[in-house]
Amino acid sequence: MVNFISIDDGRAVGQEVHDPHPHRNQLANPSNPCESIPFSLTPTSPLQSTSVPPSSRSPRLNWSEQIDTGSSIYSHVLLSISKDSTMANTIRLYLTCIRNTLEAAMCLQNFPCQEVERHNKPEVELNTSPELIMNPVLICRNEAEKCLIETSINSIRISMKVKQADELENILAKKFLRFLSMRAEAFQVLRRKPVQGYDISFLITNYHCEEMHKHKLIDFIVQFMEDIDKEISELKLSVNTRGRLVATEFLKQFI
Amino acid sequence: MILLQSPSRFLLQILHDRLLSQDKGVDIDCQTVEFDDVRYHIQVSMRNPKVLVLSVALPLPPEEAASFDGLPFGAIEAIKAAYGPVVQILDPPKDGFDLTLKINLAKLPSDEEQKNAILLQIASIREVVLGAPLKILLKNLSMKTVGPEAGQPVALVHRPNESFFVVPQADKATVVYPMRFLDSIDIVLATSFLQEFVEARRTAALNNAPACMWSQSPPPELNGAPESALTANAGFVTFVVNPRHVEGKKLDRTVWNLLTFHAYVSYHVKCSEGFMHTRMRRRVDTLIQALDRAKSDAEKLKKMVTGPSFKK
């Protein structure tokens with residue numbers, strides 16, 4: 001099943017299109033209704049790409065095409081920026097989209113391992129049984145920044161790729177994210193190694209959801225993303241400021 | 001401390017302590033290492049309490065920087081000129097060192113200010129010895145004369161196995177530094193710092209400072225230099241020094257600043273990395289606090305140590 005998510009003024013509205021794998025059933029949990037996005041299962045009419053009529057002020061939205069990567073099909077959300085919107089708008093939109101997707105996707109329940117007795121494993125990491133895994137959702141802000149959300153019955157994995165404009169931002173981001181990943185123990189929901197192709201990953205299991213409030217956990221994830229961006233730009237600013245100061249002091253010696 | 005200081009604090013401390021405790025006191029035998037592979041060894045024995053023996057080891061020069069008897073060109077004359085009768089050079093130097101001096105504290109001038117000035121000068125032995133060739137070149141510049149090497153790059157040592165180049169001419173001297181760093185993060189940070197040098201020079205307040213340029217490839221001034229010196233992973237920095245920068249009192253300061261330019265940049269790159277670590281740790285603490293807020297109160301209660309009062 002393919003899920004297309006369109007973003008219009010920050011609200012995410014879901015629509016499903018055709019389902020090439022009708023046997024894949026999301027185990028809808030009746031006790032945990034998803035709030036905004038109805039991920040329903042029934043196969044409907046074949047794929048139709050529709051376009052959202054753009055409002056004058058919000059960024060123009062594109063329906064993305066299906067990308068068939070092996071057995072998993074990603075749904076894409078692309079935010080393309082129209083001329084009169086600013087970067088500040090897209091970050092809000094991006095984070096709101098992620099928040100809404102997480103609110104819908106974070107319906108986790110305890111599920112003991114089917115293959116091994118008395119074991120309880122996060123199914124999203126194992127990826128063995130197709131009936132336990134939901135379709136992954138990929139939310140792209142632009143080519144450089146994206147967020148992949150993979151859900152299963154008892155765990156959810158969120159992977160982020162952070163914007164790295166130039167060489168300096170590249171090493172700062174790498175340094176900072178490695179610093180965070182090494183302290184994954186303290187963060188509990190952080191994964192020690194990011195998923196291939198991404199910069200940092202979270203793994204949230206049903207146990208975390210039991211311990212912590214779901215909306216606060218989502219708040220934390222979104223705040224984490226904002227903080228990373230802020231921290232990297234502040235580090236870059238501090239390097240440039242220090243460089244300016246060092247240079248001025250040195251050259252003043254000659255006057 | 002933003003700028004690197006010329007007198008070595010280690011030496012200054014020992015000299016002052018020795019002066020204060022003239023007759024009482026113990027034998028001193030200390031070794032220390034400073035940045036860029038400069039080692040000091042200072043010895044005082046109570047048999048001759050007025051005499052200090054100071055040995056200095058200098059960074060290993062690369063092939064292109066000529067050294068006469070293990071010391072930079074003009075070093076011996078510079079020492080004699082700077083210290084006079086207070087200091088005597090011992091030949092041969094102690095094992096493992098390049099220069100040994102015998103400092104006679106009895107011959108220090110009695111005037112307090114002059115005494116302190118000489119001690120400061122002794123503690124700046126590094127600047128005197130390593131900076132001797134550069135000082136000669138810059139002195140020629142201030143007198144608007146040129147030695148035999150006009151127009152050719154002269155290689156001078158500032159780091160172990162690395163040299164920087166000075167191209168002396170009648171009206172200016174061009175100093176070129178190939179900047180090399182071992183760590184890849186250092187390279188990126190240093191490149192951004194060096195580009196700030198070029199930017200800072202453009203501001204109006206620093207119009208009198210030496211002109212400053214940075215380039216990734218060797219600049220044309222280095223055309224006569226050997227191949228091995230022409231690779232630099234953080235680019236090449238060029239300063240153009242005018243006679244105005246080396247007249248009178250400014251000569252010593254200019255020599256020190258140019259001699260320790262690479263060390264200065266390297267020092268600030270490391271400080272910058274340290275600062276980044278501090279910031280990152282603070283940010284991690286903030287995020288963990290945010291996560292703790294997400295925990296439900298029941299969980300927090302379970303984890304709290306229950307004291308004599310029990311909250312329901």
# chains A, B, ... in the order shown; residues from 1 in each chain; ligands from 1
call {"tool": "closest_atom_pairs", "arguments": {"of": "chain A", "to": "chain B", "cutoff": "6 Å", "atoms": "only C-alpha atoms", "output": "tab-separated table"}}
result
residue	atom	partner	partner_atom	distance
A:Met212	CA	B:Lys295	CA	4.2
A:His213	CA	B:Ala294	CA	5.8
A:Lys216	CA	B:Ala294	CA	4.8
A:Leu217	CA	B:Ala294	CA	5.7
A:Gly243	CA	B:Phe193	CA	4.6
A:Arg244	CA	B:Glu196	CA	5.4
A:Ala247	CA	B:Phe197	CA	4.8
A:Leu251	CA	B:Ala209	CA	5.7
A:Phe254	CA	B:Ala209	CA	5.6
A:Ile255	CA	B:Ala209	CA	5.6
call {"tool": "residues_around", "arguments": {"residues": "Phe164 (chain B)", "least_positions_apart": "5", "cutoff": "8 Å", "atoms": "only C-alpha atoms", "output": "list in words"}}
result
Ala155, Leu156, Val157, His158, Val175, Val176, Tyr177 and Pro178 of chain B
call {"tool": "select_by_dssp", "arguments": {"residues": "region 208-301 of chain B", "states": "strand (DSSP E)", "output": "list of chain:residue names"}}
result
B:Ala211, B:Cys212, B:Met213, B:Trp214, B:Ser215, B:Phe236, B:Val237, B:Thr238, B:Phe239, B:Val240, B:Val241
call {"tool": "residues_around", "arguments": {"residues": "Tyr207 (chain A)", "least_positions_apart": "4", "cutoff": "10 Å", "atoms": "only C-alpha atoms", "output": "list in words"}}
result
Leu108, Gln109, Asn110, Asn154, Ser155, Glu211 and Met212 of chain A
call {"tool": "atom_distance", "arguments": {"atom1": "CA of Leu15 (chain B)", "atom2": "CA of Arg159 (chain B)"}}
result
26.4 Å
call {"tool": "closest_residue", "arguments": {"among": "B:Glu227, B:Ile125, B:Asp171, B:Ala232", "to": "Leu12 (chain B)", "atoms": "only C-alpha atoms"}}
result
B:Ile125
call {"tool": "atom_distance", "arguments": {"atom1": "CA of Arg180 (chain B)", "atom2": "CA of Ala234 (chain B)"}}
result
5.7 Å
call {"tool": "residues_around", "arguments": {"residues": "region 33-44 of chain B", "least_positions_apart": "5", "cutoff": "9 Å", "atoms": "only C-alpha atoms", "output": "short mmCIF file (atom, residue, chain, number, x, y, z; two decimals) with N, CA, C and O atoms, in the first residue's frame"}}
result
data_model
loop_
_atom_site.label_atom_id
_atom_site.label_comp_id
_atom_site.auth_asym_id
_atom_site.auth_seq_id
_atom_site.Cartn_x
_atom_site.Cartn_y
_atom_site.Cartn_z
N SER B 8 59.34 32.28 28.06
CA SER B 8 58.78 31.02 28.52
C SER B 8 58.51 31.12 30.01
O SER B 8 59.39 31.46 30.81
N LEU B 11 60.82 29.04 32.36
CA LEU B 11 62.15 29.58 32.63
C LEU B 11 62.07 30.79 33.53
O LEU B 11 62.88 30.95 34.45
N ILE B 14 61.58 29.80 37.14
CA ILE B 14 62.77 29.24 37.79
C ILE B 14 63.79 30.32 38.06
O ILE B 14 64.42 30.37 39.13
N ARG B 18 65.08 31.37 41.75
CA ARG B 18 66.49 31.26 42.08
C ARG B 18 67.02 32.56 42.65
O ARG B 18 67.78 32.58 43.60
N VAL B 26 67.65 24.47 47.01
CA VAL B 26 68.07 23.11 46.72
C VAL B 26 68.60 23.04 45.30
O VAL B 26 68.46 23.97 44.52
N ASP B 27 69.18 21.92 44.99
CA ASP B 27 69.61 21.67 43.62
C ASP B 27 68.39 21.62 42.72
O ASP B 27 67.35 21.09 43.08
N ILE B 28 68.55 22.19 41.54
CA ILE B 28 67.44 22.13 40.57
C ILE B 28 67.92 21.35 39.35
O ILE B 28 69.04 21.55 38.89
N PRO B 49 76.00 28.23 43.50
CA PRO B 49 74.61 28.65 43.49
C PRO B 49 74.33 29.82 42.55
O PRO B 49 73.20 30.10 42.22
N LYS B 50 75.37 30.50 42.12
CA LYS B 50 75.11 31.65 41.24
C LYS B 50 75.10 31.28 39.78
O LYS B 50 74.94 32.14 38.92
N VAL B 51 75.34 30.02 39.49
CA VAL B 51 75.47 29.64 38.09
C VAL B 51 74.34 28.70 37.71
O VAL B 51 74.13 27.68 38.35
N LEU B 52 73.64 29.05 36.62
CA LEU B 52 72.61 28.15 36.08
C LEU B 52 73.12 27.62 34.75
O LEU B 52 73.68 28.38 33.95
N VAL B 53 72.87 26.35 34.51
CA VAL B 53 73.22 25.79 33.21
C VAL B 53 71.91 25.50 32.48
O VAL B 53 71.09 24.71 32.94
N LEU B 54 71.72 26.17 31.34
CA LEU B 54 70.47 26.02 30.60
C LEU B 54 70.80 25.38 29.26
O LEU B 54 71.63 25.89 28.51
N SER B 55 70.15 24.25 28.97
CA SER B 55 70.34 23.60 27.67
C SER B 55 69.05 23.67 26.89
O SER B 55 67.96 23.49 27.44
N VAL B 56 69.17 23.94 25.60
CA VAL B 56 67.99 24.09 24.75
C VAL B 56 68.11 23.14 23.57
O VAL B 56 69.16 23.05 22.96
N ALA B 57 67.04 22.43 23.28
CA ALA B 57 67.00 21.59 22.09
C ALA B 57 65.99 22.21 21.13
O ALA B 57 64.92 22.62 21.53
N LEU B 58 66.36 22.28 19.85
CA LEU B 58 65.53 22.96 18.87
C LEU B 58 64.86 21.95 17.95
O LEU B 58 65.30 20.82 17.85
N PRO B 59 63.79 22.36 17.25
CA PRO B 59 63.16 21.41 16.34
C PRO B 59 64.09 21.01 15.21
O PRO B 59 64.91 21.79 14.76
N LEU B 60 63.91 19.78 14.75
CA LEU B 60 64.76 19.23 13.71
C LEU B 60 64.54 20.00 12.41
O LEU B 60 63.42 20.07 11.93
N PHE B 97 71.05 17.93 23.33
CA PHE B 97 70.58 19.31 23.19
C PHE B 97 71.42 20.02 22.15
O PHE B 97 72.51 19.60 21.80
N ARG B 126 64.23 31.22 23.20
CA ARG B 126 63.70 30.60 22.00
C ARG B 126 63.60 31.60 20.87
O ARG B 126 63.97 31.33 19.72
N HIS B 158 60.44 26.47 11.63
CA HIS B 158 59.60 26.85 12.75
C HIS B 158 58.97 25.64 13.42
O HIS B 158 58.50 25.74 14.55
N ARG B 159 58.96 24.51 12.74
CA ARG B 159 58.38 23.29 13.32
C ARG B 159 59.30 22.14 12.96
O ARG B 159 60.08 22.25 12.02
N PRO B 160 59.19 21.03 13.68
CA PRO B 160 60.06 19.91 13.33
C PRO B 160 59.82 19.46 11.90
O PRO B 160 58.70 19.19 11.51
N ALA B 263 52.09 27.89 15.04
CA ALA B 263 51.74 27.43 16.38
C ALA B 263 50.51 28.18 16.89
O ALA B 263 49.65 27.61 17.56
#
call {"tool": "select_by_dssp", "arguments": {"residues": "region 4-155 of chain B", "states": "helix (DSSP H, G or I)", "output": "ChimeraX atom specification"}}
result
/B:9-20,75-86,105-107,112-123,125-130,132-142
call {"tool": "residues_around", "arguments": {"residues": "Ser124 (chain B)", "least_positions_apart": "5", "cutoff": "10 Å", "atoms": "only C-alpha atoms", "output": "list in words"}}
result
Gln5, Ser6, Pro7, Ser8, Arg9, Leu11, Leu12, Ile118, Leu119, Val129 and Trp256 of chain B
call {"tool": "write_last_selection", "arguments": {"atoms": "N, CA and C atoms", "output": "tab-separated table (two decimals), in the first residue's frame"}}
result
chain	number	residue	atom	x	y	z
B	5	GLN	N	52.96	34.05	24.21
B	5	GLN	CA	53.92	34.95	24.84
B	5	GLN	C	55.34	34.51	24.55
B	6	SER	N	56.20	35.51	24.36
B	6	SER	CA	57.58	35.19	24.00
B	6	SER	C	58.41	34.61	25.14
B	7	PRO	N	58.42	35.22	26.35
B	7	PRO	CA	59.23	34.59	27.40
B	7	PRO	C	58.56	33.33	27.91
B	8	SER	N	59.34	32.28	28.06
B	8	SER	CA	58.78	31.02	28.52
B	8	SER	C	58.51	31.12	30.01
B	9	ARG	N	57.29	30.81	30.43
B	9	ARG	CA	56.92	30.99	31.84
B	9	ARG	C	57.69	30.04	32.75
B	11	LEU	N	60.82	29.04	32.36
B	11	LEU	CA	62.15	29.58	32.63
B	11	LEU	C	62.07	30.79	33.53
B	12	LEU	N	61.09	31.64	33.25
B	12	LEU	CA	60.96	32.87	34.03
B	12	LEU	C	60.74	32.53	35.51
B	118	ILE	N	66.65	41.65	31.76
B	118	ILE	CA	67.57	40.60	31.31
B	118	ILE	C	66.98	39.21	31.56
B	119	LEU	N	66.31	39.05	32.71
B	119	LEU	CA	65.71	37.74	32.98
B	119	LEU	C	64.64	37.41	31.96
B	129	VAL	N	67.19	32.56	19.66
B	129	VAL	CA	67.93	31.56	18.89
B	129	VAL	C	67.23	31.21	17.59
B	256	TRP	N	58.82	37.50	16.58
B	256	TRP	CA	58.15	36.46	17.36
B	256	TRP	C	56.84	36.05	16.73
call {"tool": "closest_residue", "arguments": {"among": "B:Ile76, B:Met213, B:Met1, B:Ala81", "to": "Thr100 (chain B)", "atoms": "only C-alpha atoms"}}
result
B:Ile76
